[in-house]
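What's in work_26.txt: compact mmCIF, C-alpha atoms
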```txt
# COMPACT_ATOMS: atom_id res chain seq x y z
CA MET X 1 38.18 59.85 37.68
CA PRO X 2 40.64 57.24 36.32
CA ARG X 3 39.12 53.99 34.97
CA ALA X 4 40.46 50.89 36.67
CA GLY X 5 41.57 47.89 34.63
CA LEU X 6 42.29 49.85 31.40
CA SER X 7 45.64 50.88 29.92
CA CYS X 8 46.64 53.08 27.02
CA PRO X 9 47.85 51.08 23.99
CA GLY X 10 50.22 53.95 23.05
CA CYS X 11 52.17 54.79 26.21
CA GLY X 12 50.99 52.05 28.56
CA SER X 13 49.67 54.45 31.16
CA SER X 14 46.70 53.43 33.27
CA ASN X 15 45.56 57.02 33.82
CA ILE X 16 42.42 56.73 31.69
CA VAL X 17 39.50 59.10 32.29
CA ASP X 18 36.05 59.75 30.78
CA ASP X 19 35.91 62.74 28.44
CA ASP X 20 32.26 63.81 28.28
CA LEU X 21 32.74 67.20 26.71
CA TYR X 22 31.05 66.01 23.51
CA CYS X 23 27.75 64.25 22.85
CA GLN X 24 29.47 60.86 22.88
CA VAL X 25 31.53 59.79 25.90
CA GLN X 26 35.15 58.91 25.12
CA LEU X 27 37.99 57.34 27.11
CA VAL X 28 41.12 59.51 26.92
CA CYS X 29 44.67 58.90 28.19
CA VAL X 30 45.72 61.83 30.43
CA ASP X 31 49.46 61.27 29.86
CA CYS X 32 49.57 61.19 26.05
CA GLY X 33 46.11 62.53 25.17
CA SER X 34 45.17 59.71 22.80
CA VAL X 35 41.61 58.36 22.60
CA VAL X 36 41.60 54.88 24.00
CA SER X 37 38.08 53.88 23.05
CA GLU X 38 34.96 55.34 21.50
CA GLY X 39 31.65 55.19 23.38
CA HIS X 40 30.19 51.72 23.91
CA LEU X 41 27.06 50.99 21.84
CA ALA X 42 23.96 49.23 23.19
CA ASP X 43 24.55 46.00 21.21
CA ASP X 44 28.16 45.48 22.34
CA PRO X 45 28.73 42.13 24.10
CA VAL X 46 28.64 42.10 27.89
CA HIS X 47 32.08 41.42 29.37
CA VAL X 48 32.51 39.67 32.68
CA GLY X 49 36.12 39.14 33.56
CA GLY X 50 37.19 39.67 29.93
CA SER X 51 34.98 36.89 28.36
CA GLU X 52 31.68 36.99 26.45
CA VAL X 53 28.53 35.70 28.14
CA SER X 54 26.17 33.52 26.06
CA TYR X 55 22.43 34.10 25.69
CA SER X 56 21.50 31.09 27.82
CA ARG X 57 23.88 32.12 30.66
CA SER X 58 22.65 35.70 30.72
CA THR X 59 18.93 34.81 30.64
CA ALA X 60 18.99 31.30 32.17
CA VAL X 61 16.72 30.17 29.28
CA LYS X 62 17.82 27.90 26.40
CA LYS X 63 17.20 29.55 23.04
CA PRO X 64 15.05 27.29 20.77
CA CYS X 65 16.48 26.07 17.48
CA MET X 66 15.31 27.97 14.39
CA ASN X 67 14.46 24.72 12.61
CA LEU X 68 12.26 23.75 15.57
CA ILE X 69 10.51 27.10 15.39
CA ASN X 70 9.98 26.77 11.63
CA GLY X 71 8.71 23.21 12.06
CA LEU X 72 6.14 24.29 14.65
CA GLN X 73 5.01 27.10 12.37
CA ARG X 74 4.59 24.62 9.50
CA LEU X 75 2.64 22.30 11.81
CA LYS X 76 0.28 25.13 12.83
CA ALA X 77 -0.22 26.05 9.16
CA MET X 78 -1.27 22.48 8.31
CA CYS X 79 -3.68 22.45 11.24
CA ARG X 80 -5.24 25.66 9.92
CA ILE X 81 -5.57 24.20 6.41
CA LEU X 82 -7.20 21.00 7.73
CA ARG X 83 -9.36 23.00 10.17
CA VAL X 84 -8.71 20.70 13.10
CA ASN X 85 -9.66 21.67 16.64
CA ARG X 86 -7.34 23.09 19.26
CA GLU X 87 -6.93 19.76 21.06
CA ILE X 88 -5.47 18.08 17.98
CA GLU X 89 -3.12 21.00 17.35
CA ASP X 90 -1.79 20.96 20.93
CA LEU X 91 -1.29 17.19 20.83
CA ALA X 92 0.57 17.46 17.50
CA GLN X 93 2.89 20.14 18.93
CA THR X 94 3.62 17.95 21.95
CA TYR X 95 4.55 14.99 19.75
CA TYR X 96 6.69 17.20 17.50
CA ASN X 97 8.66 18.61 20.44
CA LYS X 98 9.31 15.08 21.73
CA ALA X 99 10.27 13.61 18.37
CA TYR X 100 12.43 16.55 17.26
CA VAL X 101 15.03 16.06 20.02
CA HIS X 102 15.27 12.32 19.38
CA GLU X 103 18.49 11.07 17.81
CA SER X 104 16.57 9.71 14.80
CA PHE X 105 15.27 13.18 13.81
CA ILE X 106 17.71 15.73 15.28
CA ARG X 107 20.29 15.38 12.49
CA VAL X 108 18.18 14.88 9.39
CA SER X 109 17.34 17.03 6.39
CA LEU X 110 14.91 19.93 6.61
CA GLN X 111 12.51 18.10 4.29
CA LYS X 112 12.32 15.13 6.67
CA LYS X 113 11.69 17.49 9.59
CA GLU X 114 8.83 19.03 7.63
CA VAL X 115 7.44 15.55 6.92
CA LEU X 116 7.76 14.83 10.64
CA ALA X 117 5.46 17.77 11.38
CA GLY X 118 2.85 16.38 9.00
CA CYS X 119 3.11 12.91 10.58
CA CYS X 120 2.53 14.41 14.04
CA VAL X 121 -0.64 16.04 12.73
CA LEU X 122 -1.75 12.73 11.16
CA VAL X 123 -1.22 10.61 14.28
CA SER X 124 -2.99 13.22 16.41
CA CYS X 125 -5.97 13.17 14.06
CA ARG X 126 -6.15 9.38 14.20
CA LEU X 127 -5.94 9.31 17.98
CA LEU X 128 -8.80 11.83 18.28
CA ASN X 129 -10.97 10.31 15.51
CA TRP X 130 -10.51 13.07 12.94
CA PRO X 131 -10.97 11.71 9.37
CA ILE X 132 -7.68 12.57 7.67
CA THR X 133 -5.86 10.16 5.35
CA MET X 134 -2.14 9.78 4.79
CA GLY X 135 -2.73 10.75 1.16
CA THR X 136 -4.09 14.14 2.27
CA ILE X 137 -0.98 14.80 4.37
CA GLY X 138 1.19 13.66 1.45
CA CYS X 139 -0.50 16.19 -0.86
CA LEU X 140 0.16 19.01 1.63
CA LEU X 141 3.81 18.01 2.03
CA GLU X 142 4.34 16.91 -1.60
CA ALA X 143 6.17 13.86 -0.22
CA ASP X 144 5.47 10.32 0.95
CA PRO X 145 5.13 10.33 4.78
CA GLY X 146 4.77 6.55 5.15
CA ALA X 147 8.29 5.70 6.36
CA VAL X 148 8.54 8.69 8.71
CA TYR X 149 5.10 7.90 10.16
CA LYS X 150 6.10 4.32 10.99
CA GLU X 151 9.34 5.52 12.59
CA LEU X 152 7.48 8.18 14.62
CA VAL X 153 4.94 5.70 15.97
CA LYS X 154 7.70 3.24 16.88
CA ILE X 155 9.90 5.82 18.63
CA LEU X 156 7.15 7.47 20.68
CA LYS X 157 5.39 4.11 21.27
CA ILE X 158 2.04 5.39 20.04
CA GLU X 159 -0.79 2.91 19.46
CA ALA X 160 -2.54 4.72 16.64
CA PRO X 161 -5.80 3.13 15.44
CA LEU X 162 -6.08 1.96 11.84
CA VAL X 163 -8.48 4.05 9.79
CA SER X 164 -10.83 2.26 7.39
CA VAL X 165 -11.40 3.60 3.90
CA THR X 166 -15.14 3.78 4.48
CA ASP X 167 -14.59 6.01 7.53
CA VAL X 168 -12.97 8.77 5.50
CA LEU X 169 -14.96 8.31 2.30
CA GLU X 170 -17.69 10.70 3.39
CA SER X 171 -15.25 13.55 4.08
CA HIS X 172 -13.33 12.76 0.88
CA SER X 173 -16.46 12.96 -1.25
CA GLN X 174 -17.01 16.55 -0.11
CA GLU X 175 -13.98 17.59 -2.17
CA TYR X 176 -15.82 16.79 -5.43
CA LYS X 177 -17.73 19.84 -6.67
CA ILE X 178 -20.54 18.03 -8.48
CA SER X 179 -23.60 19.46 -6.76
CA SER X 180 -26.26 21.46 -8.60
CA LEU X 181 -24.48 24.64 -7.48
CA HIS X 182 -21.33 23.79 -9.44
CA VAL X 183 -22.37 21.70 -12.49
CA PRO X 184 -25.43 21.46 -14.78
CA GLU X 185 -28.47 19.59 -13.48
CA GLU X 186 -27.99 16.51 -15.72
CA LEU X 187 -24.48 16.06 -14.30
CA ALA X 188 -25.23 17.01 -10.68
CA GLU X 189 -25.55 14.42 -7.94
CA ASN X 190 -26.62 14.47 -4.31
CA ALA X 191 -23.64 14.08 -1.95
CA LYS X 192 -25.51 11.71 0.38
CA ASP X 193 -26.57 9.31 -2.40
CA LEU X 194 -23.11 9.46 -3.95
CA THR X 195 -21.42 8.59 -0.65
CA LYS X 196 -23.82 5.70 0.04
CA ARG X 197 -23.17 4.12 -3.38
CA ALA X 198 -19.41 4.69 -3.10
CA VAL X 199 -19.27 3.04 0.34
CA ALA X 200 -21.04 -0.04 -1.05
CA LEU X 201 -18.53 -0.24 -3.90
CA VAL X 202 -15.58 0.08 -1.52
CA GLU X 203 -17.02 -2.66 0.71
CA LEU X 204 -17.34 -4.92 -2.33
CA ALA X 205 -13.76 -4.09 -3.32
CA ALA X 206 -12.62 -5.01 0.18
CA ASP X 207 -14.45 -8.36 0.01
CA THR X 208 -12.70 -9.17 -3.28
CA TRP X 209 -9.16 -8.20 -2.15
CA ILE X 210 -8.89 -5.02 -4.27
CA VAL X 211 -8.28 -2.81 -1.23
CA THR X 212 -5.53 -5.04 0.20
CA GLY X 213 -2.18 -3.24 0.27
CA ARG X 214 -3.45 -0.31 -1.82
CA ARG X 215 -3.47 3.43 -1.20
CA PRO X 216 -6.94 4.61 -0.16
CA VAL X 217 -7.25 7.80 -2.24
CA PRO X 218 -7.21 6.13 -5.72
CA ILE X 219 -9.72 3.53 -4.50
CA MET X 220 -12.06 6.22 -3.19
CA MET X 221 -11.71 8.18 -6.45
CA ALA X 222 -12.56 5.09 -8.50
CA ALA X 223 -15.57 4.32 -6.29
CA ILE X 224 -16.93 7.88 -6.52
CA TYR X 225 -16.45 7.94 -10.30
CA LEU X 226 -18.31 4.64 -10.81
CA SER X 227 -21.00 5.70 -8.34
CA TRP X 228 -21.56 8.96 -10.20
CA GLN X 229 -21.94 7.07 -13.49
CA SER X 230 -24.17 4.30 -12.09
CA LEU X 231 -26.65 6.55 -10.24
CA LYS X 232 -27.84 7.96 -13.58
CA PRO X 233 -26.26 5.80 -16.32
CA THR X 234 -27.12 8.09 -19.21
CA LYS X 235 -25.14 8.19 -22.44
CA HIS X 236 -23.76 11.58 -21.53
CA ARG X 237 -22.36 10.34 -18.20
CA LEU X 238 -21.04 7.07 -19.58
CA LYS X 239 -18.98 8.98 -22.13
CA PHE X 240 -17.24 10.96 -19.37
CA SER X 241 -13.68 9.75 -18.86
CA LEU X 242 -11.93 9.95 -15.49
CA ASP X 243 -9.85 12.92 -16.68
CA LYS X 244 -12.92 14.87 -17.71
CA PHE X 245 -14.72 13.93 -14.49
CA CYS X 246 -11.82 15.19 -12.34
CA GLN X 247 -11.71 18.45 -14.29
CA MET X 248 -15.42 18.94 -13.78
CA ALA X 249 -15.22 18.06 -10.05
CA LYS X 250 -12.10 20.26 -9.62
CA VAL X 251 -9.97 17.55 -8.04
CA LYS X 252 -6.51 16.27 -8.89
CA LYS X 253 -6.49 12.95 -10.73
CA HIS X 254 -4.50 10.04 -9.30
CA LYS X 255 -3.02 7.75 -11.94
CA PRO X 256 -3.62 4.46 -10.01
CA ALA X 257 -7.35 5.26 -10.00
CA MET X 258 -7.65 4.03 -13.61
CA LYS X 259 -6.33 0.59 -12.60
CA ARG X 260 -8.72 0.48 -9.64
CA ILE X 261 -11.63 1.27 -11.97
CA THR X 262 -10.62 -1.59 -14.26
CA GLU X 263 -10.33 -4.02 -11.32
CA MET X 264 -13.70 -2.98 -9.91
CA LYS X 265 -15.35 -3.46 -13.31
CA GLU X 266 -13.84 -6.96 -13.56
CA VAL X 267 -15.33 -7.90 -10.18
CA LEU X 268 -18.69 -6.40 -11.14
CA CYS X 269 -18.65 -8.45 -14.36
CA LYS X 270 -17.97 -11.69 -12.45
CA LEU X 271 -20.95 -11.00 -10.21
CA GLY X 272 -23.14 -9.63 -13.00
CA LYS X 273 -22.87 -12.89 -14.94
CA GLU X 274 -24.68 -14.62 -12.09
CA ILE X 275 -27.78 -12.44 -12.55
CA PRO X 276 -30.31 -14.62 -14.44
CA TRP X 277 -31.62 -11.90 -16.73
CA VAL X 278 -28.12 -10.64 -17.60
CA GLY X 279 -25.91 -13.72 -17.90
CA GLU X 280 -22.96 -13.62 -20.28
CA THR X 281 -24.09 -10.40 -21.94
CA VAL X 282 -22.45 -8.27 -19.26
CA THR X 283 -19.14 -6.67 -20.27
CA PRO X 284 -16.88 -3.99 -18.74
CA ASP X 285 -18.45 -1.50 -21.15
CA ASN X 286 -22.06 -2.02 -20.01
CA VAL X 287 -21.61 -3.29 -16.45
CA VAL X 288 -22.14 0.21 -15.02
CA ARG X 289 -25.85 -0.10 -15.84
CA GLN X 290 -26.07 -3.20 -13.61
CA VAL X 291 -24.24 -1.73 -10.59
CA GLU X 292 -27.43 -1.05 -8.62
CA ASP X 293 -28.68 -4.65 -8.95
CA ILE X 294 -25.24 -6.10 -8.25
CA LEU X 295 -24.75 -4.07 -5.07
CA GLN X 296 -28.28 -4.81 -3.88
CA HIS X 297 -27.71 -8.60 -4.08
CA ARG X 298 -23.91 -8.65 -3.81
CA TYR X 299 -23.71 -11.24 -0.99
CA ALA X 300 -25.92 -13.75 -2.81
CA LEU X 301 -24.07 -13.12 -6.07
CA LEU X 302 -20.71 -13.62 -4.35
CA ARG X 303 -21.80 -17.04 -3.07
CA ARG X 304 -23.15 -18.07 -6.47
CA ALA X 305 -20.02 -16.89 -8.28
CA LEU X 306 -17.76 -18.85 -5.92
CA ALA X 307 -19.92 -21.98 -6.25
CA THR X 308 -19.92 -21.73 -10.05
CA HIS X 309 -16.14 -21.34 -10.11
CA GLU X 310 -15.69 -24.39 -7.86
CA ASP X 311 -17.96 -26.49 -10.08
CA THR X 312 -15.94 -25.45 -13.13
CA LEU X 313 -12.68 -26.40 -11.39
CA LEU X 314 -14.12 -29.77 -10.38
CA ALA X 315 -15.28 -30.54 -13.92
CA ASP X 316 -11.89 -29.56 -15.39
CA SER X 317 -10.06 -31.71 -12.84
CA GLN X 318 -12.20 -34.77 -13.56
CA ALA X 319 -11.71 -34.31 -17.31
CA SER X 320 -7.94 -34.10 -16.88
CA CYS X 321 -8.03 -37.25 -14.72
CA GLU X 322 -9.87 -39.20 -17.40
CA ASP X 323 -7.42 -38.03 -20.07
CA SER X 324 -4.42 -39.05 -17.99
CA LEU X 325 -5.91 -42.51 -17.30
CA ASN X 326 -6.63 -43.05 -21.00
CA GLU X 327 -3.02 -42.18 -21.87
CA GLU X 328 -1.74 -44.76 -19.39
CA THR X 329 -3.97 -47.64 -20.51
CA ALA X 330 -4.08 -47.07 -24.29
CA PRO X 331 -0.50 -47.98 -25.36
CA SER X 332 -0.19 -50.97 -23.05
CA GLN X 333 -0.83 -54.40 -24.52
CA ILE X 334 -0.09 -56.35 -21.35
CA SER X 335 -2.87 -56.15 -18.80
CA GLU X 336 -3.37 -57.91 -15.53
CA PRO X 337 -6.36 -58.04 -13.17
CA ALA X 338 -4.35 -56.41 -10.43
CA GLU X 339 -3.57 -53.48 -12.71
CA GLN X 340 -7.25 -53.10 -13.56
CA ASN X 341 -8.04 -52.89 -9.89
CA SER X 342 -5.34 -50.25 -9.48
CA ASN X 343 -6.90 -48.27 -12.34
CA ALA X 344 -10.26 -48.38 -10.58
CA SER X 345 -8.70 -47.11 -7.40
CA SER X 346 -6.97 -44.39 -9.42
CA VAL X 347 -10.37 -43.11 -10.56
CA GLU X 348 -11.49 -42.81 -6.96
CA GLN X 349 -8.22 -41.04 -6.13
CA CYS X 350 -8.84 -38.62 -8.98
CA LYS X 351 -12.19 -37.63 -7.52
CA LEU X 352 -10.62 -37.02 -4.13
CA ASN X 353 -7.85 -34.95 -5.68
CA ALA X 354 -10.37 -32.93 -7.70
CA GLU X 355 -12.24 -32.03 -4.53
CA ARG X 356 -8.95 -31.21 -2.81
CA ALA X 357 -7.96 -28.95 -5.71
CA GLN X 358 -10.62 -26.45 -4.70
CA ARG X 359 -8.58 -25.53 -1.61
CA PRO X 360 -5.52 -23.39 -2.39
CA GLY X 361 -2.20 -24.58 -1.15
CA ASP X 362 -2.92 -28.33 -1.23
CA GLY X 363 -0.76 -30.49 -3.43
CA ASP X 364 -0.37 -34.12 -4.40
CA ASP X 365 2.07 -36.18 -6.39
CA ASN X 366 -0.72 -38.06 -8.16
CA PRO X 367 -0.91 -37.25 -11.90
CA CYS X 368 -4.68 -36.72 -11.60
CA THR X 369 -4.46 -33.48 -9.63
CA VAL X 370 -5.21 -30.03 -10.97
CA PRO X 371 -2.98 -29.17 -13.94
CA ASP X 372 0.38 -27.75 -12.93
CA LEU X 373 -0.06 -24.02 -12.31
CA HIS X 374 3.60 -23.16 -12.32
CA SER X 375 4.49 -24.75 -15.63
CA ASP X 376 5.12 -21.27 -17.05
CA THR X 377 8.01 -20.64 -14.68
CA ASP X 378 11.42 -20.83 -16.27
CA GLU X 379 14.21 -23.00 -15.05
CA GLY X 380 16.09 -21.40 -12.17
CA GLN X 381 13.10 -19.46 -10.88
CA ASP X 382 10.80 -19.87 -7.91
CA PRO X 383 8.73 -23.06 -8.52
CA ALA X 384 6.04 -22.17 -5.92
CA PRO X 385 2.57 -22.53 -7.47
CA ASN X 386 0.63 -19.30 -8.05
CA TRP X 387 -2.65 -20.34 -6.43
CA GLY X 388 -4.14 -16.93 -7.22
CA LYS X 389 -4.83 -18.12 -10.78
CA ARG X 390 -7.18 -20.90 -9.71
CA VAL X 391 -9.37 -18.94 -7.29
CA LEU X 392 -12.01 -16.43 -8.30
CA PHE X 393 -10.80 -13.62 -6.03
CA ALA X 394 -7.27 -13.28 -4.66
CA PRO X 395 -4.96 -10.52 -3.34
CA PRO X 396 -3.19 -8.50 -6.05
CA CYS X 397 0.21 -9.58 -4.74
CA VAL X 398 -0.75 -13.20 -5.47
CA ILE X 399 -2.32 -12.64 -8.88
CA HIS X 400 0.60 -10.49 -10.06
CA ALA X 401 3.31 -12.31 -8.11
CA LYS X 402 6.90 -11.35 -8.81
CA ARG X 403 9.15 -14.14 -9.95
CA ARG X 404 12.04 -14.85 -7.65
CA ARG X 405 15.21 -16.50 -8.79
CA VAL X 406 16.04 -19.65 -6.86
CA GLU X 407 19.65 -20.25 -5.95
CA GLN X 408 20.92 -23.47 -7.48
CA PRO X 409 22.61 -25.84 -5.03
CA LYS X 410 26.32 -26.16 -5.47
CA LEU X 411 27.59 -29.39 -7.00
CA LYS X 412 29.41 -31.61 -4.54
CA ASP X 413 32.21 -33.97 -5.34
CA VAL X 414 30.89 -37.52 -5.69
CA THR X 415 33.24 -40.19 -4.34
CA GLY X 416 30.93 -43.22 -4.52
CA ASP X 417 31.03 -43.82 -0.79
CA GLU X 418 27.88 -41.81 -0.05
CA GLU X 419 24.92 -43.49 1.63
CA ILE X 420 21.88 -44.21 -0.53
CA SER X 421 18.54 -43.24 0.94
CA ASP X 422 15.30 -45.16 0.51
CA SER X 423 13.85 -42.48 -1.74
CA GLU X 424 16.82 -42.80 -4.08
CA ILE X 425 16.37 -46.56 -4.22
CA ASP X 426 12.68 -46.12 -5.04
CA SER X 427 13.59 -43.83 -7.92
CA TYR X 428 15.55 -46.65 -9.57
CA ILE X 429 12.63 -49.11 -9.38
CA ARG X 430 10.49 -49.17 -12.52
CA THR X 431 6.88 -48.11 -12.30
CA PRO X 432 4.18 -50.46 -13.70
CA ARG X 433 3.96 -48.34 -16.82
CA GLU X 434 7.73 -48.46 -17.36
CA ALA X 435 7.70 -52.21 -16.78
CA ARG X 436 5.01 -52.68 -19.45
CA GLU X 437 6.83 -50.48 -21.93
CA PHE X 438 10.11 -52.33 -21.24
CA ALA X 439 8.45 -55.72 -21.73
CA LEU X 440 6.83 -54.51 -24.96
CA THR X 441 10.17 -53.26 -26.22
CA GLN X 442 11.87 -56.56 -25.42
CA GLU X 443 9.14 -58.46 -27.23
CA MET X 444 9.49 -56.26 -30.31
CA LEU X 445 13.28 -56.72 -30.33
CA SER X 446 13.03 -60.49 -29.98
CA SER X 447 10.64 -60.75 -32.90
CA VAL X 448 13.01 -58.92 -35.26
```

Take the structure in this file and express it as structure tokens.
Amino acid sequence: MPRAGLSCPGCGSSNIVDDDLYCQVQLVCVDCGSVVSEGHLADDPVHVGGSEVSYSRSTAVKKPCMNLINGLQRLKAMCRILRVNREIEDLAQTYYNKAYVHESFIRVSLQKKEVLAGCCVLVSCRLLNWPITMGTIGCLLEADPGAVYKELVKILKIEAPLVSVTDVLESHSQEYKISSLHVPEELAENAKDLTKRAVALVELAADTWIVTGRRPVPIMMAAIYLSWQSLKPTKHRLKFSLDKFCQMAKVKKHKPAMKRITEMKEVLCKLGKEIPWVGETVTPDNVVRQVEDILQHRYALLRRALATHEDTLLADSQASCEDSLNEETAPSQISEPAEQNSNASSVEQCKLNAERAQRPGDGDDNPCTVPDLHSDTDEGQDPAPNWGKRVLFAPPCVIHAKRRRVEQPKLKDVTGDEEISDSEIDSYIRTPREAREFALTQEMLSSV
């Protein structure tokens, strides 16, 4: 039977029939005998009216993107590694499907899409109170998920709760293989006692601004290391460095942990000096032996340390006031009763300024205030005082403040017709000290 809609490419005849004499059906032209087409295979495209039909049109289902499929597989793998429950995994998949089609994530690199999967797992864990830190997700991804996490929370409008370091410290301490099953008895430590001591150290670090703006994993590592040493401060344990401790506990060392250990020891030394039977003998080398006493009375020691520091500041301020007053009165040979009264009032002002110097941020133009704390700043740089140097405990960003260059005002053309303000007029009037020095100079010149 002739096939409709087909023509022979050789002679143009439309008399095309099926030739099924062989195992494979062929289309043959009856007029010229040429084979028009071989048998159609199963994977040939379906033709409707001479055009190909897409997968979505033939099945009425949109085919998912391969990157989306790979991202979901990576998300499920992370959930298996972290051993989260099914509810967290389903919530993470829902967030990933929503975020993937957003314009901020649809046309990004594959690495960022993989980080997005990890951030969906992290935000799901935080919403359902599962103790997972951002550092753990970063180790799985080998990338920093901080920026992507902030963008994800902002786009999906998720109110994720903030996780405290102490909340995840217990689960983090389980990673350290230092029980009696893994290490010798003299180096082994009970996980419950270790966690309790480490939590106390982290709370002390939070009270003294060490935790502020810092990554949690190095802080937890430093707290666990110091806790392990202080629970049994033997010579063998005190000789263990952080590198050797991490090798023994089979954990990866974080470089910032060494700085956190140093900062914690400095705080412990400041508090240890307030213990009556220790005093000034405490040093960063032997302060580990005093950790138990310091943590047991840390609130009382904090109050005493702050009071001692304030008393020291007050004494230094009063001494600087007396020195400045002596410098003003010594070279002058012309004295008046009114000036003596002003000197007496200056002493009272010095005491007020010394008390005011204990509060950071206060300033005064009187020469009897606390010595200038920004005298080390170079010309052309930010002249703001670094108040972190005059308090006992301050945030790291204040103690190690970055110097900012101040833009110099542009010079304006002076015509002489500008108005003179009262403050400018006052600057031209001589102070009592300048008046005395001027009178003394005139007297010396007249006697020559």

Query raised in the report: atom CA of Lys265 of chain X and atom CA of Pro284 of chain X, how far apart in Å?
Result: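 Those two atoms sit 5.7 Å apart.
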
(request) Record the distance separating atom CA of Gly213 of chain X and atom CA of Ser227 of chain X, expressed in Å with one decimal. (result)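 Atom CA of Gly213 of chain X sits 22.5 Å away from atom CA of Ser227 of chain X.
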
- Query: Which one is closest to Cys139 of chain X: X:Arg214, X:Lys252, X:Lys273, X:Lys113? Count all atoms listed in the file.
  - Reply: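 Ranking X:Arg214, X:Lys252, X:Lys273, X:Lys113 by distance to Cys139 of chain X, first place goes to X:Lys252.
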
| Skipping near chain neighbours, those fewer than 2 positions away, what residues fall within 12 Å of Leu302 of chain X using all atoms listed in the file, listed as a ChimeraX atom specification? | /X:204-205,207-208,267-275,294-300,304-309,392-393

Near Ser124 of chain X, within 7 Å and counting all atoms listed in the file, which residues show up once chain neighbours fewer than 6 positions away are dropped, as a ChimeraX atom specification? /X:88,91-92

Would you mind listing what lies within 8 Å of segment 188-195 of chain X as number ranges by chain, with all atoms listed in the file counted and same-chain residues fewer than 6 positions away left out?
X: 169-170, 173-174, 178-180, 182, 224, 227-228, 231

If you measure from atom CA of Ala394 of chain X to atom CA of Ile261 of chain X, what distance in Å do you get, rounded to one decimal?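 That distance, rounded to one decimal, is 16.9 Å.
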
Around the point (14.2, 23.0, 11.7) (coordinates from the file), which residues reach within 12 Å if we count all atoms listed in the file? Answer as a list of chain:residue names.
X:Pro64, X:Cys65, X:Met66, X:Asn67, X:Leu68, X:Ile69, X:Asn70, X:Gly71, X:Leu72, X:Gln73, X:Arg74, X:Leu75, X:Tyr96, X:Asn97, X:Tyr100, X:Val101, X:Phe105, X:Ile106, X:Arg107, X:Val108, X:Ser109, X:Leu110, X:Gln111, X:Lys112, X:Lys113, X:Glu114, X:Val115, X:Leu116, X:Ala117
